[in-house]
$ cat work.cif   # mmCIF, C-alpha atoms
data_input
#
loop_
_atom_site.label_atom_id
_atom_site.label_comp_id
_atom_site.auth_asym_id
_atom_site.auth_seq_id
_atom_site.Cartn_x
_atom_site.Cartn_y
_atom_site.Cartn_z
CA MET A 1 -4.27 -11.68 7.84
CA ILE A 2 -6.08 -9.15 5.67
CA LEU A 3 -5.81 -9.22 1.88
CA TYR A 4 -5.71 -5.72 0.43
CA PRO A 5 -6.57 -5.68 -3.31
CA ALA A 6 -4.54 -2.90 -4.96
CA ILE A 7 -5.86 -0.29 -7.34
CA ASP A 8 -2.97 1.78 -8.69
CA LEU A 9 -4.18 4.93 -10.44
CA LYS A 10 -2.42 6.56 -13.38
CA ASP A 11 -4.12 9.11 -15.63
CA GLY A 12 -7.51 8.13 -14.18
CA GLN A 13 -7.11 4.41 -14.98
CA ALA A 14 -6.40 1.33 -12.88
CA VAL A 15 -2.92 0.14 -13.89
CA ARG A 16 0.08 -1.84 -12.72
CA LEU A 17 3.70 -0.85 -13.13
CA LEU A 18 6.71 -3.13 -13.43
CA HIS A 19 9.34 -2.35 -10.76
CA GLY A 20 7.63 1.01 -10.21
CA GLU A 21 8.62 2.40 -13.60
CA MET A 22 5.96 4.74 -15.02
CA ASP A 23 6.83 3.87 -18.62
CA LYS A 24 6.19 0.15 -17.97
CA THR A 25 2.45 0.38 -17.47
CA THR A 26 -0.33 -2.13 -18.05
CA VAL A 27 -3.88 -0.75 -18.00
CA PHE A 28 -6.30 -3.20 -16.36
CA ASN A 29 -9.45 -1.09 -16.08
CA ASP A 30 -10.36 2.38 -17.31
CA ASN A 31 -13.09 2.53 -14.64
CA PRO A 32 -11.36 2.26 -11.24
CA ALA A 33 -14.64 2.50 -9.30
CA ALA A 34 -16.05 -0.47 -11.22
CA GLN A 35 -12.86 -2.38 -10.42
CA ALA A 36 -13.23 -1.51 -6.74
CA LEU A 37 -16.83 -2.75 -6.72
CA GLU A 38 -15.69 -6.01 -8.31
CA PHE A 39 -13.23 -6.54 -5.45
CA VAL A 40 -15.84 -5.63 -2.83
CA GLU A 41 -18.42 -7.98 -4.33
CA ALA A 42 -15.84 -10.78 -4.12
CA GLY A 43 -15.66 -10.17 -0.37
CA CYS A 44 -12.60 -8.00 0.31
CA GLU A 45 -12.50 -6.19 3.65
CA TRP A 46 -10.18 -3.34 2.60
CA LEU A 47 -8.99 -1.58 -0.55
CA HIS A 48 -5.46 -0.33 -1.16
CA LEU A 49 -5.32 2.71 -3.46
CA VAL A 50 -2.24 4.44 -4.90
CA ASP A 51 -2.16 7.74 -6.78
CA LEU A 52 0.90 7.05 -8.96
CA ASN A 53 0.86 10.44 -10.67
CA GLY A 54 0.51 12.05 -7.26
CA ALA A 55 3.57 10.23 -5.93
CA PHE A 56 5.68 11.93 -8.60
CA ALA A 57 3.88 15.29 -8.51
CA GLY A 58 3.94 15.59 -4.71
CA GLU A 59 0.22 16.36 -4.59
CA PRO A 60 -3.02 14.48 -5.38
CA VAL A 61 -3.60 14.02 -9.12
CA ASN A 62 -6.13 11.18 -9.31
CA ALA A 63 -8.51 12.61 -6.73
CA ALA A 64 -11.62 12.16 -8.89
CA PRO A 65 -11.40 8.36 -9.28
CA VAL A 66 -10.48 7.97 -5.61
CA GLU A 67 -13.53 9.99 -4.56
CA GLU A 68 -15.73 7.89 -6.85
CA ILE A 69 -14.39 4.71 -5.26
CA LEU A 70 -15.12 6.09 -1.79
CA LYS A 71 -18.67 6.99 -2.86
CA GLN A 72 -19.47 3.64 -4.43
CA THR A 73 -17.90 1.21 -1.95
CA LYS A 74 -18.59 0.55 1.72
CA VAL A 75 -15.33 -1.10 2.80
CA PRO A 76 -12.49 0.95 4.30
CA ALA A 77 -9.79 2.17 1.92
CA GLN A 78 -6.21 3.33 2.39
CA LEU A 79 -4.50 5.71 -0.04
CA GLY A 80 -0.91 6.65 -0.76
CA GLY A 81 0.72 8.94 -3.30
CA GLY A 82 1.20 12.69 -3.13
CA ILE A 83 0.00 13.13 0.46
CA ARG A 84 2.59 15.42 1.96
CA ASP A 85 0.88 18.01 4.20
CA MET A 86 -1.72 18.18 6.98
CA ALA A 87 -4.29 19.91 4.78
CA THR A 88 -4.26 17.04 2.26
CA ILE A 89 -4.42 14.45 5.05
CA ALA A 90 -7.40 16.18 6.65
CA ARG A 91 -9.16 16.58 3.31
CA TRP A 92 -8.90 12.88 2.49
CA ILE A 93 -10.08 11.78 5.91
CA ASP A 94 -13.01 14.20 5.67
CA LYS A 95 -13.93 12.55 2.36
CA GLY A 96 -14.21 9.17 4.05
CA LEU A 97 -10.76 7.65 3.58
CA ALA A 98 -10.03 5.21 6.42
CA ARG A 99 -6.25 5.56 6.29
CA VAL A 100 -3.69 7.78 4.59
CA ILE A 101 -0.29 6.35 3.68
CA LEU A 102 2.67 8.68 4.11
CA GLY A 103 5.77 7.61 2.18
CA THR A 104 8.19 10.25 0.91
CA VAL A 105 7.25 12.64 3.71
CA ALA A 106 8.07 9.97 6.32
CA VAL A 107 11.71 10.36 5.26
CA GLU A 108 11.74 14.07 4.52
CA ASN A 109 9.48 15.34 7.31
CA PRO A 110 8.96 12.69 10.02
CA ASP A 111 7.48 15.30 12.37
CA LEU A 112 4.50 15.54 10.01
CA VAL A 113 3.87 11.81 10.42
CA ARG A 114 3.88 12.22 14.20
CA GLU A 115 1.58 15.25 14.07
CA ALA A 116 -0.85 13.48 11.73
CA ALA A 117 -0.89 10.31 13.85
CA ARG A 118 -1.74 12.38 16.93
CA GLU A 119 -4.42 14.36 15.10
CA PHE A 120 -5.99 11.34 13.38
CA PRO A 121 -5.49 8.26 15.61
CA GLY A 122 -5.59 4.97 13.72
CA LYS A 123 -5.77 6.71 10.34
CA VAL A 124 -2.10 7.20 9.44
CA ALA A 125 0.16 4.51 7.96
CA VAL A 126 3.77 4.78 6.84
CA GLY A 127 4.67 3.43 3.42
CA ILE A 128 8.25 2.15 3.27
CA ASP A 129 9.37 1.32 -0.25
CA ALA A 130 12.77 -0.29 -0.48
CA ARG A 131 15.33 -1.32 -3.04
CA ASN A 132 18.06 -3.61 -1.67
CA GLY A 133 17.15 -2.74 1.90
CA LYS A 134 17.33 1.04 1.41
CA VAL A 135 14.33 3.36 1.35
CA ALA A 136 13.30 4.94 -1.97
CA THR A 137 11.13 8.07 -2.22
CA LYS A 138 9.26 10.24 -4.73
CA GLY A 139 7.47 7.41 -6.49
CA TRP A 140 10.56 5.20 -6.06
CA ALA A 141 12.57 7.53 -8.30
CA GLU A 142 15.08 8.53 -5.61
CA GLU A 143 17.06 6.14 -3.44
CA THR A 144 18.17 7.23 0.04
CA ASP A 145 20.79 5.93 2.45
CA VAL A 146 18.08 5.26 5.05
CA MET A 147 17.70 1.61 6.05
CA VAL A 148 14.18 0.17 6.20
CA THR A 149 14.35 -1.05 9.80
CA ASP A 150 15.85 2.22 11.06
CA LEU A 151 13.01 4.23 9.53
CA ALA A 152 10.36 1.87 10.87
CA LYS A 153 11.81 1.91 14.38
CA SER A 154 11.85 5.71 14.39
CA PHE A 155 8.04 5.67 14.40
CA GLU A 156 7.61 3.10 17.19
CA ASP A 157 6.23 5.69 19.62
CA ALA A 158 4.31 7.79 17.06
CA GLY A 159 0.96 5.98 17.09
CA VAL A 160 1.25 4.86 13.46
CA ALA A 161 -1.51 2.41 12.49
CA ALA A 162 0.55 0.28 10.10
CA ILE A 163 3.71 0.05 8.04
CA ILE A 164 3.29 -0.93 4.39
CA TYR A 165 6.53 -2.49 3.26
CA THR A 166 7.15 -2.79 -0.48
CA ASP A 167 10.11 -4.50 -2.06
CA ILE A 168 10.35 -2.51 -5.30
CA LEU A 169 12.27 -5.18 -7.18
CA ARG A 170 9.40 -7.62 -6.57
CA ASP A 171 6.55 -5.23 -7.34
CA GLY A 172 4.54 -6.11 -10.42
CA ALA A 173 7.07 -8.80 -11.38
CA MET A 174 5.02 -11.83 -10.29
CA LYS A 175 8.14 -13.36 -8.68
CA GLY A 176 6.86 -13.72 -5.14
CA PRO A 177 7.22 -11.42 -2.13
CA ASN A 178 10.37 -10.91 -0.11
CA VAL A 179 9.08 -13.01 2.79
CA GLU A 180 12.34 -12.98 4.75
CA ALA A 181 12.79 -9.19 4.72
CA THR A 182 9.11 -8.60 5.49
CA ALA A 183 9.17 -11.04 8.41
CA ASP A 184 12.40 -9.49 9.75
CA LEU A 185 10.79 -6.06 9.70
CA ALA A 186 7.63 -7.31 11.43
CA ARG A 187 9.75 -8.86 14.19
CA ALA A 188 11.80 -5.67 14.60
CA VAL A 189 8.87 -3.36 15.34
CA SER A 190 5.60 -3.47 17.26
CA ILE A 191 3.74 -1.57 14.51
CA PRO A 192 1.55 -3.85 12.34
CA VAL A 193 3.30 -4.63 9.03
CA ILE A 194 1.57 -5.14 5.68
CA ALA A 195 3.49 -6.96 2.95
CA SER A 196 3.53 -5.54 -0.58
CA GLY A 197 5.28 -6.36 -3.82
CA GLY A 198 5.40 -9.64 -5.71
CA VAL A 199 2.42 -11.46 -4.16
CA SER A 200 1.51 -13.62 -7.14
CA SER A 201 -0.02 -16.89 -5.93
CA LEU A 202 -1.96 -18.54 -3.13
CA ASP A 203 1.31 -20.16 -2.07
CA ASP A 204 2.82 -16.69 -1.65
CA LEU A 205 -0.04 -15.77 0.68
CA ARG A 206 0.37 -19.04 2.59
CA GLY A 207 4.10 -18.32 2.90
CA LEU A 208 3.48 -14.88 4.36
CA LYS A 209 0.82 -16.22 6.71
CA SER A 210 3.13 -18.94 8.03
CA CYS A 211 6.36 -16.88 8.08
CA GLY A 212 6.46 -16.83 11.87
CA ALA A 213 6.04 -13.06 12.13
CA PRO A 214 2.79 -11.29 13.04
CA LEU A 215 1.91 -9.74 9.68
CA ASN A 216 -1.26 -7.61 9.50
CA GLY A 217 -1.88 -8.42 5.85
CA ALA A 218 -0.70 -8.50 2.27
CA ILE A 219 -1.34 -6.34 -0.78
CA SER A 220 -1.85 -7.89 -4.21
CA GLY A 221 -2.53 -6.24 -7.55
CA ARG A 222 -1.35 -7.76 -10.80
CA ALA A 223 -2.02 -11.35 -9.70
CA LEU A 224 -5.67 -10.51 -9.05
CA TYR A 225 -6.04 -8.81 -12.44
CA ASP A 226 -4.25 -11.59 -14.30
CA GLY A 227 -6.27 -14.30 -12.57
CA ALA A 228 -3.21 -15.89 -10.95
CA ILE A 229 -4.99 -15.37 -7.62
CA ASP A 230 -8.74 -15.85 -7.22
CA LEU A 231 -9.81 -13.24 -4.65
CA LYS A 232 -12.54 -15.34 -3.05
CA GLU A 233 -10.18 -18.31 -2.67
CA ALA A 234 -7.41 -16.08 -1.33
CA LEU A 235 -9.71 -14.62 1.31
CA GLN A 236 -10.61 -18.14 2.43
CA VAL A 237 -6.92 -19.08 2.70
CA LEU A 238 -6.12 -16.08 4.88
CA ARG A 239 -9.17 -16.52 7.10
CA ALA A 240 -8.57 -20.23 7.69
#

$ encode --input "work.cif" --output "structure tokens"
Amino acid sequence: MILYPAIDLKDGQAVRLLHGEMDKTTVFNDNPAAQALEFVEAGCEWLHLVDLNGAFAGEPVNAAPVEEILKQTKVPAQLGGGIRDMATIARWIDKGLARVILGTVAVENPDLVREAAREFPGKVAVGIDARNGKVATKGWAEETDVMVTDLAKSFEDAGVAAIIYTDILRDGAMKGPNVEATADLARAVSIPVIASGGVSSLDDLRGLKSCGAPLNGAISGRALYDGAIDLKEALQVLRA
């Protein structure tokens, strides 16, 4: 399992939100590139980046700090937030991004996901953010009637590299991930699934690793910043 340290970007700073609410923000670092280097020096193999402003705006807003992270670090990075057309996807991949994450557009324009996955094999992931089993879009501000598993299954034949599943009610709350729902999703599809939301301890990582489903990895943010998870120790746990 891969551990993906999260750097959520709001107004050019590395922050964490509580339950995805933009007015419940904690700033952890006003230099996101320095934060990324800290994670890389601790041994991480990937970085998970989110343009929070972009998710609401529908277009990239925090491009400058993302580009600085890509310049200064050598590990692959995935980015979500405000990526909703082929031109933006191509631009980010040209700048060295290893993987784009398509969230809102996966619900509103699934054909774009398929086109992008064909055009950029291995470089397109689908971000599925859910509240009570139903998909939420536009920076989690809008809830749909689409069920998580139905959306995931609809991309089975699309060549999607990964599905990033976030339980919104767990995100940033330090209450543990929704292991059962994540494992159920991973069993329901052949696409690699990455767990997100609520990972707050080494025991949480152990629980995901031993859940009986073939998870690709887990994303953690606040717990790494708060010191609840030591990144070097976490990497050892997941590689054991």

$ resolve_selection --input "work.cif" --expression "the PyMOL selection byres ((chain A and resi 74-84) around 7)" --output "PyMOL selection string"
chain A and resi 45-52+54-55+57-60+72-73+85+88-89+97-102+105

$ write_last_selection --input "work.cif" --atoms "C-alpha atoms" --output "tab-separated table (two decimals), in the coordinates of the input"
chain	number	residue	atom	x	y	z
A	45	GLU	CA	-12.50	-6.19	3.65
A	46	TRP	CA	-10.18	-3.34	2.60
A	47	LEU	CA	-8.99	-1.58	-0.55
A	48	HIS	CA	-5.46	-0.33	-1.16
A	49	LEU	CA	-5.32	2.71	-3.46
A	50	VAL	CA	-2.24	4.44	-4.90
A	51	ASP	CA	-2.16	7.74	-6.78
A	52	LEU	CA	0.90	7.05	-8.96
A	54	GLY	CA	0.51	12.05	-7.26
A	55	ALA	CA	3.57	10.23	-5.93
A	57	ALA	CA	3.88	15.29	-8.51
A	58	GLY	CA	3.94	15.59	-4.71
A	59	GLU	CA	0.22	16.36	-4.59
A	60	PRO	CA	-3.02	14.48	-5.38
A	72	GLN	CA	-19.47	3.64	-4.43
A	73	THR	CA	-17.90	1.21	-1.95
A	85	ASP	CA	0.88	18.01	4.20
A	88	THR	CA	-4.26	17.04	2.26
A	89	ILE	CA	-4.42	14.45	5.05
A	97	LEU	CA	-10.76	7.65	3.58
A	98	ALA	CA	-10.03	5.21	6.42
A	99	ARG	CA	-6.25	5.56	6.29
A	100	VAL	CA	-3.69	7.78	4.59
A	101	ILE	CA	-0.29	6.35	3.68
A	102	LEU	CA	2.67	8.68	4.11
A	105	VAL	CA	7.25	12.64	3.71

$ atom_distance --input "work.cif" --atom1 "atom CA of Val66 of chain A" --atom2 "atom CA of Asn29 of chain A"
13.9 Å

$ axis_aligned_box --input "work.cif" --around "segment 25-31 of chain A" --padding-each-side "5 Å" --output "JSON"
{"center_x": -5.3, "center_y": -0.3, "center_z": -16.3, "size_x": 25.5, "size_y": 15.7, "size_z": 13.4}

$ residues_around --input "work.cif" --residues "segment 173-188 of chain A" --least-positions-apart "6" --cutoff "6 Å" --atoms "all atoms listed in the file" --output "VMD selection string"
chain A and resid 197 to 200 213

$ residues_around --input "work.cif" --residues "Cys44 of chain A" --least-positions-apart "4" --cutoff "8 Å" --atoms "only C-alpha atoms" --output "VMD selection string"
chain A and resid 3 to 5 39 to 40 75 231 235

$ write_last_selection --input "work.cif" --atoms "C-alpha atoms" --output "CSV table (one decimal), in the coordinates of the input"
chain,number,residue,atom,x,y,z
A,3,LEU,CA,-5.8,-9.2,1.9
A,4,TYR,CA,-5.7,-5.7,0.4
A,5,PRO,CA,-6.6,-5.7,-3.3
A,39,PHE,CA,-13.2,-6.5,-5.4
A,40,VAL,CA,-15.8,-5.6,-2.8
A,75,VAL,CA,-15.3,-1.1,2.8
A,231,LEU,CA,-9.8,-13.2,-4.6
A,235,LEU,CA,-9.7,-14.6,1.3

$ closest_residue --input "work.cif" --among "A:Ile93, A:Met86, A:Val107, A:Ile191" --to "Lys138 of chain A" --atoms "all atoms listed in the file"
A:Val107

$ residues_around --input "work.cif" --residues "Glu119 of chain A" --least-positions-apart "3" --cutoff "12 Å" --atoms "all atoms listed in the file" --output "PyMOL selection string"
chain A and resi 86-87+89-90+93+112-116+122-124+158-160

$ residues_near_point --input "work.cif" --point "(-11.0, 2.0, -9.5)" --cutoff "6 Å" --atoms "all atoms listed in the file" --output "PyMOL selection string"
chain A and resi 14+31-36

$ closest_residue --input "work.cif" --among "A:Val189, A:Ala195, A:Ala161, A:Val15" --to "Thr149 of chain A" --atoms "only C-alpha atoms"
A:Val189

$ atom_distance --input "work.cif" --atom1 "atom CA of Ile69 of chain A" --atom2 "atom CA of Arg91 of chain A"
15.5 Å

$ closest_residue --input "work.cif" --among "A:Ile168, A:Ala228, A:Ile163, A:Ala42" --to "Val135 of chain A" --atoms "all atoms listed in the file"
A:Ile168

$ atom_distance --input "work.cif" --atom1 "atom CA of Ile2 of chain A" --atom2 "atom CA of Arg239 of chain A"
8.1 Å

$ closest_residue --input "work.cif" --among "A:Ala106, A:Ala6, A:Leu17, A:Ser201" --to "Ala223 of chain A" --atoms "all atoms listed in the file"
A:Ser201

$ closest_residue --input "work.cif" --among "A:Leu9, A:Ala218, A:Leu205, A:Met147" --to "Ala240 of chain A" --atoms "all atoms listed in the file"
A:Leu205

$ resolve_selection --input "work.cif" --expression "the PyMOL selection byres ((chain A and resi 146) around 10)" --output "short mmCIF file (atom, residue, chain, number, x, y, z; two decimals) with C-alpha atoms, in the frame of the given file"
data_model
loop_
_atom_site.label_atom_id
_atom_site.label_comp_id
_atom_site.auth_asym_id
_atom_site.auth_seq_id
_atom_site.Cartn_x
_atom_site.Cartn_y
_atom_site.Cartn_z
CA VAL A 107 11.71 10.36 5.26
CA ALA A 130 12.77 -0.29 -0.48
CA GLY A 133 17.15 -2.74 1.90
CA LYS A 134 17.33 1.04 1.41
CA VAL A 135 14.33 3.36 1.35
CA ALA A 136 13.30 4.94 -1.97
CA GLU A 143 17.06 6.14 -3.44
CA THR A 144 18.17 7.23 0.04
CA ASP A 145 20.79 5.93 2.45
CA MET A 147 17.70 1.61 6.05
CA VAL A 148 14.18 0.17 6.20
CA THR A 149 14.35 -1.05 9.80
CA ASP A 150 15.85 2.22 11.06
CA LEU A 151 13.01 4.23 9.53
#

$ closest_residue --input "work.cif" --among "A:Gly43, A:Ala152, A:Gly103, A:Thr26" --to "Thr137 of chain A" --atoms "only C-alpha atoms"
A:Gly103

$ build_atoms --input "work.cif" --residues "segment 63-85 of chain A" --atoms "N, CA and C atoms" --output "PDB file, in the frame of the given file"
ATOM      1  N   ALA A  63      -7.511  12.453  -7.792  1.00  0.00           N
ATOM      2  CA  ALA A  63      -8.510  12.610  -6.730  1.00  0.00           C
ATOM      3  C   ALA A  63      -9.904  12.170  -7.188  1.00  0.00           C
ATOM      4  N   ALA A  64     -10.265  12.471  -8.420  1.00  0.00           N
ATOM      5  CA  ALA A  64     -11.620  12.160  -8.890  1.00  0.00           C
ATOM      6  C   ALA A  64     -11.940  10.664  -8.834  1.00  0.00           C
ATOM      7  N   PRO A  65     -11.088   9.774  -9.392  1.00  0.00           N
ATOM      8  CA  PRO A  65     -11.400   8.360  -9.280  1.00  0.00           C
ATOM      9  C   PRO A  65     -11.373   7.836  -7.848  1.00  0.00           C
ATOM     10  N   VAL A  66     -10.499   8.390  -7.010  1.00  0.00           N
ATOM     11  CA  VAL A  66     -10.480   7.970  -5.610  1.00  0.00           C
ATOM     12  C   VAL A  66     -11.801   8.337  -4.937  1.00  0.00           C
ATOM     13  N   GLU A  67     -12.266   9.560  -5.164  1.00  0.00           N
ATOM     14  CA  GLU A  67     -13.530   9.990  -4.560  1.00  0.00           C
ATOM     15  C   GLU A  67     -14.695   9.135  -5.051  1.00  0.00           C
ATOM     16  N   GLU A  68     -14.663   8.739  -6.307  1.00  0.00           N
ATOM     17  CA  GLU A  68     -15.730   7.890  -6.850  1.00  0.00           C
ATOM     18  C   GLU A  68     -15.700   6.511  -6.193  1.00  0.00           C
ATOM     19  N   ILE A  69     -14.512   5.990  -5.961  1.00  0.00           N
ATOM     20  CA  ILE A  69     -14.390   4.710  -5.260  1.00  0.00           C
ATOM     21  C   ILE A  69     -14.955   4.817  -3.849  1.00  0.00           C
ATOM     22  N   LEU A  70     -14.626   5.900  -3.155  1.00  0.00           N
ATOM     23  CA  LEU A  70     -15.120   6.090  -1.790  1.00  0.00           C
ATOM     24  C   LEU A  70     -16.641   6.217  -1.762  1.00  0.00           C
ATOM     25  N   LYS A  71     -17.210   6.838  -2.784  1.00  0.00           N
ATOM     26  CA  LYS A  71     -18.670   6.990  -2.860  1.00  0.00           C
ATOM     27  C   LYS A  71     -19.363   5.653  -3.096  1.00  0.00           C
ATOM     28  N   GLN A  72     -18.767   4.834  -3.964  1.00  0.00           N
ATOM     29  CA  GLN A  72     -19.470   3.640  -4.430  1.00  0.00           C
ATOM     30  C   GLN A  72     -19.219   2.385  -3.591  1.00  0.00           C
ATOM     31  N   THR A  73     -18.204   2.404  -2.731  1.00  0.00           N
ATOM     32  CA  THR A  73     -17.900   1.210  -1.950  1.00  0.00           C
ATOM     33  C   THR A  73     -18.078   1.484  -0.455  1.00  0.00           C
ATOM     34  N   LYS A  74     -18.329   0.416   0.295  1.00  0.00           N
ATOM     35  CA  LYS A  74     -18.590   0.550   1.720  1.00  0.00           C
ATOM     36  C   LYS A  74     -17.476   0.007   2.599  1.00  0.00           C
ATOM     37  N   VAL A  75     -16.432  -0.578   1.987  1.00  0.00           N
ATOM     38  CA  VAL A  75     -15.330  -1.100   2.800  1.00  0.00           C
ATOM     39  C   VAL A  75     -14.291  -0.001   3.014  1.00  0.00           C
ATOM     40  N   PRO A  76     -13.524  -0.062   4.088  1.00  0.00           N
ATOM     41  CA  PRO A  76     -12.490   0.950   4.300  1.00  0.00           C
ATOM     42  C   PRO A  76     -11.419   0.903   3.219  1.00  0.00           C
ATOM     43  N   ALA A  77     -10.841   2.068   2.938  1.00  0.00           N
ATOM     44  CA  ALA A  77      -9.790   2.170   1.920  1.00  0.00           C
ATOM     45  C   ALA A  77      -8.618   2.960   2.479  1.00  0.00           C
ATOM     46  N   GLN A  78      -7.413   2.570   2.066  1.00  0.00           N
ATOM     47  CA  GLN A  78      -6.210   3.330   2.390  1.00  0.00           C
ATOM     48  C   GLN A  78      -5.617   3.849   1.084  1.00  0.00           C
ATOM     49  N   LEU A  79      -5.013   5.042   1.168  1.00  0.00           N
ATOM     50  CA  LEU A  79      -4.500   5.710  -0.040  1.00  0.00           C
ATOM     51  C   LEU A  79      -3.119   6.267   0.194  1.00  0.00           C
ATOM     52  N   GLY A  80      -2.224   6.027  -0.772  1.00  0.00           N
ATOM     53  CA  GLY A  80      -0.910   6.650  -0.760  1.00  0.00           C
ATOM     54  C   GLY A  80      -0.648   7.340  -2.090  1.00  0.00           C
ATOM     55  N   GLY A  81       0.333   8.238  -2.070  1.00  0.00           N
ATOM     56  CA  GLY A  81       0.720   8.940  -3.300  1.00  0.00           C
ATOM     57  C   GLY A  81       0.383  10.409  -3.265  1.00  0.00           C
ATOM     58  N   GLY A  82       1.391  11.250  -3.066  1.00  0.00           N
ATOM     59  CA  GLY A  82       1.200  12.690  -3.130  1.00  0.00           C
ATOM     60  C   GLY A  82       0.580  13.315  -1.894  1.00  0.00           C
ATOM     61  N   ILE A  83       0.575  12.597  -0.788  1.00  0.00           N
ATOM     62  CA  ILE A  83       0.000  13.130   0.460  1.00  0.00           C
ATOM     63  C   ILE A  83       1.151  13.608   1.323  1.00  0.00           C
ATOM     64  N   ARG A  84       1.364  14.912   1.332  1.00  0.00           N
ATOM     65  CA  ARG A  84       2.590  15.420   1.960  1.00  0.00           C
ATOM     66  C   ARG A  84       2.370  16.637   2.856  1.00  0.00           C
ATOM     67  N   ASP A  85       1.120  16.923   3.243  1.00  0.00           N
ATOM     68  CA  ASP A  85       0.880  18.010   4.200  1.00  0.00           C
ATOM     69  C   ASP A  85      -0.406  17.731   4.973  1.00  0.00           C
TER      70      ASP A  85
END
